Amino acid sequence: MAKVRFLAHGRDWTVAVPVGTSLLQASKTIHAPEGDACGGVCACSTCHVYVTKGKELLRSAEEEEEDILDKAFDVKATSRLGCQAIIAMEGDIECEITRESLDAFYNEHPQEKDPRKAH
Amino acid sequence: MAVKTPIYMDYHATTPVDPRVLDAMLPYFNEKFGNAASRSHIYGWTAEEAVSTSREKIAALIGASNPKEIVFTSGATEADNMALKGVAEFYKDKGNHIITTVIEHKAILDTCKRLEKEGFQVTYLPVDEKGMVSAESVEKAITDKTILVSVMLANNEVGTVQPIAEIGKITRARGVLFHSDAVQGIGKVPFNVEAMNVDLASITAHKMYGPKGIGALYVRRSRPRVRITAQMDGGGHEFGMRSGTLNVPGIVGFGRAAELMITDGAEDAKKLVALRDHLYKRLTTELESVNLNGSWEHRLPGNLNVSFSFVEGEAMLMAIKDVCVSSGSACTSASLEPSYVLHAMGIGDDLAHSSIRFGLGRFNTLEEVDYVADLVISKVNGLREMSPLYEMHKEGIDLSTVQWAAH
């Protein structure tokens, strides 16, 4: 099993998932606020995360993912699309959910309160 | 046949738009005026198609395997800024060291200075007396903190063509990105991003008979996939690297100019070498003390940079007003400072001040070259007649041994 920790707006969510799981699937099992406007088929960049720890445990990005990342905002060396980042090895992974991903998540889940907004 | 004046021989500064390029551009100003980013109607599709076609032609000119590797910019200065700042920002966790040369264009040197202010370390490699950078010096300068090497393809003043393929071999083996400001050499000397392992390259249309205001940065998309942090945010045009509505007429002209470089470039170069060699032969056989600046073997076809001893470059420019050339100070011709490129080559102030850059191009003729040679020869002789330094030289005094008194 691999341990994945998601970070966003000062909170964190941790889950253990088997090798072969994508970061997006991992986030869904614990309701971490990672967006996926296209449903996780590598057609948009709303599942964009920064993998701050354990990036080497993930299967490397293919050209399709890199091309979609061109559309993402503020791409860094740690950037991955959650739907395409498949865990290949056991270990500890930490990722920060990007602002555009949080925006997509709260847009699609109006019942969830966006802690970044004053209510 | 009478030669029409003024005669333009400053093709390194800019080139006229080829009439065939202009013809291709015109429809895109009015009847095909669409925004290439409009996906919902025929005007947008027409513009987008024209942009794609241009991308393919420009990719073909530089040997890029994928047209999407061509990212349009406003010109080469922007492309240089984007390459250096974009790579520095994106790869800063990998290292903070950049290697370049002392003879780069200001768009590279001043960008490097800014990056130094932000904490990056820059090594400025020296050149030899011919203005050449050695691949070994690049190899020696690489450290484990080096993220980028930037070396120009051909120098804008003395026309030296740098060993890009050799440097590319080294940077690829060491896992360091390689950028080349290829503006002056594109279509004139061999340049192929795949064969030479170049990862980023700056190019511009107006140095190859295209319009001003349009250029491109080549950004490699495979082995390795190069990423740059965008320096212009907005609609995410140009694969997220450079937002802003595309200059469609400019891009169409750029594409047509690239196509013409592919078909006519080699023939142009052959003609230019013949004209350039003729000019040099006349100047050196009919005048004494004419010094060639730069390398004869590794040189741009249309470039001739010479110093006329005992003649002030600016005085020379005034004397040959009908001929549009530039003194060695080229890009900084607003100032009277001698060229930093000639200085880097170890050429003293006296010869640096007396240098003239002839930049020959597609539309120059043999008659023009002979007219210019006649004029330059007579003016140099005239100016030397008035020069006390020349008189001393003729009396056999070695000027370098003279102790000059300040007053």
# chains A, B, ... in the order shown; residues from 1 in each chain; ligands from 1
>>> interface_residues(of="chain B", to="chain A", cutoff="10 Å", atoms="only C-alpha atoms", output="PyMOL selection string")
chain B and resi 89-94+221-222+225+227-230+233-241
>>> residues_around(residues="Ile30 (chain A)", least_positions_apart="5", cutoff="9 Å", atoms="only C-alpha atoms", output="list of chain:residue names")
A:Trp13, A:Thr14, A:Val15
>>> residues_around(residues="region 103-117 of chain A", least_positions_apart="5", cutoff="10 Å", atoms="only C-alpha atoms", output="MDAnalysis selection string")
chainID A and resid 8:11 32:37 45:47 98
>>> residues_around(residues="Val4 (chain A)", least_positions_apart="5", cutoff="8 Å", atoms="only C-alpha atoms", output="ChimeraX atom specification")
/A:14-17,23,26,92-95
>>> atom_distance(atom1="CA of Phe72 (chain B)", atom2="CA of Ala61 (chain A)")
25.7 Å
>>> residues_around(residues="region 123-136 of chain B", least_positions_apart="3", cutoff="9 Å", atoms="only C-alpha atoms", output="ChimeraX atom specification")
/B:97-103,109,139-141,151,155,158-164,166-168,170,293-296,298,341-342,344-347
>>> closest_atom_pairs(of="region 156-218 of chain B", to="region 6-29 of chain B", cutoff="10 Å", atoms="only C-alpha atoms", output="JSON lines")
{"residue": "B:Asn156", "atom": "CA", "partner": "B:His12", "partner_atom": "CA", "distance": 6.2}
{"residue": "B:Glu157", "atom": "CA", "partner": "B:His12", "partner_atom": "CA", "distance": 7.9}
{"residue": "B:Gly159", "atom": "CA", "partner": "B:His12", "partner_atom": "CA", "distance": 9.1}
{"residue": "B:Val183", "atom": "CA", "partner": "B:His12", "partner_atom": "CA", "distance": 9.4}
{"residue": "B:Gln184", "atom": "CA", "partner": "B:His12", "partner_atom": "CA", "distance": 6.9}
{"residue": "B:Gly185", "atom": "CA", "partner": "B:His12", "partner_atom": "CA", "distance": 9.9}
{"residue": "B:Ala205", "atom": "CA", "partner": "B:Thr15", "partner_atom": "CA", "distance": 9.1}
{"residue": "B:His206", "atom": "CA", "partner": "B:Thr14", "partner_atom": "CA", "distance": 5.8}
{"residue": "B:Lys207", "atom": "CA", "partner": "B:Thr14", "partner_atom": "CA", "distance": 5.2}
{"residue": "B:Met208", "atom": "CA", "partner": "B:Thr15", "partner_atom": "CA", "distance": 6.5}
{"residue": "B:Tyr209", "atom": "CA", "partner": "B:Val17", "partner_atom": "CA", "distance": 4.5}
{"residue": "B:Gly210", "atom": "CA", "partner": "B:Val17", "partner_atom": "CA", "distance": 5.0}
{"residue": "B:Pro211", "atom": "CA", "partner": "B:Val17", "partner_atom": "CA", "distance": 5.8}
{"residue": "B:Lys212", "atom": "CA", "partner": "B:Thr14", "partner_atom": "CA", "distance": 8.4}
>>> residues_around(residues="Leu246 (chain B)", least_positions_apart="2", cutoff="7 Å", atoms="only C-alpha atoms", output="PyMOL selection string")
chain B and resi 36+244+248
>>> write_last_selection(atoms="all heavy atoms", output="compact mmCIF listing (two decimals), in the first residue's frame")
# COMPACT_ATOMS: atom_id res chain seq x y z
N ALA B 36 -7.47 33.84 -34.51
CA ALA B 36 -7.13 32.42 -34.62
C ALA B 36 -7.66 31.61 -33.44
O ALA B 36 -7.70 30.38 -33.49
CB ALA B 36 -5.62 32.26 -34.74
N GLY B 244 -1.98 35.95 -25.46
CA GLY B 244 -2.13 37.15 -26.28
C GLY B 244 -2.63 36.75 -27.66
O GLY B 244 -2.16 35.77 -28.23
N VAL B 248 -1.92 37.41 -36.73
CA VAL B 248 -2.09 36.49 -37.86
C VAL B 248 -1.39 36.97 -39.15
O VAL B 248 -0.64 36.20 -39.75
CB VAL B 248 -3.58 36.15 -38.10
CG1 VAL B 248 -3.74 35.23 -39.31
CG2 VAL B 248 -4.18 35.51 -36.87
>>> select_by_dssp(residues="region 241-390 of chain B", states="alpha helix (DSSP H)", output="count of residues only")
79
>>> atom_distance(atom1="CA of Asn197 (chain B)", atom2="CA of Ile147 (chain B)")
15.2 Å
>>> closest_residue(among="B:Lys4, B:Val311, B:Val273, B:Val219", to="Val372 (chain B)", atoms="only C-alpha atoms")
B:Lys4
>>> residues_around(residues="Glu56 (chain A)", least_positions_apart="3", cutoff="10 Å", atoms="only C-alpha atoms", output="PDB file with C-alpha atoms, in the first residue's frame")
ATOM      1  CA  VAL A  51       3.398  16.404  -5.893  1.00  0.00           C
ATOM      2  CA  LYS A  53       6.852  14.379  -1.929  1.00  0.00           C
ATOM      3  CA  ARG A  59       4.415   6.276 -13.170  1.00  0.00           C
ATOM      4  CA  SER A  60       6.018   8.972 -15.333  1.00  0.00           C
ATOM      5  CA  ILE A  87       1.034   5.069  -8.135  1.00  0.00           C
ATOM      6  CA  ALA A  88       3.710   2.603  -9.245  1.00  0.00           C
ATOM      7  CA  MET A  89       5.487   1.909  -5.951  1.00  0.00           C
ATOM      8  CA  GLY A  91       5.778   4.692  -0.084  1.00  0.00           C
ATOM      9  CA  ILE A  93       3.269  10.637  -1.294  1.00  0.00           C
TER      10      ILE A  93
END
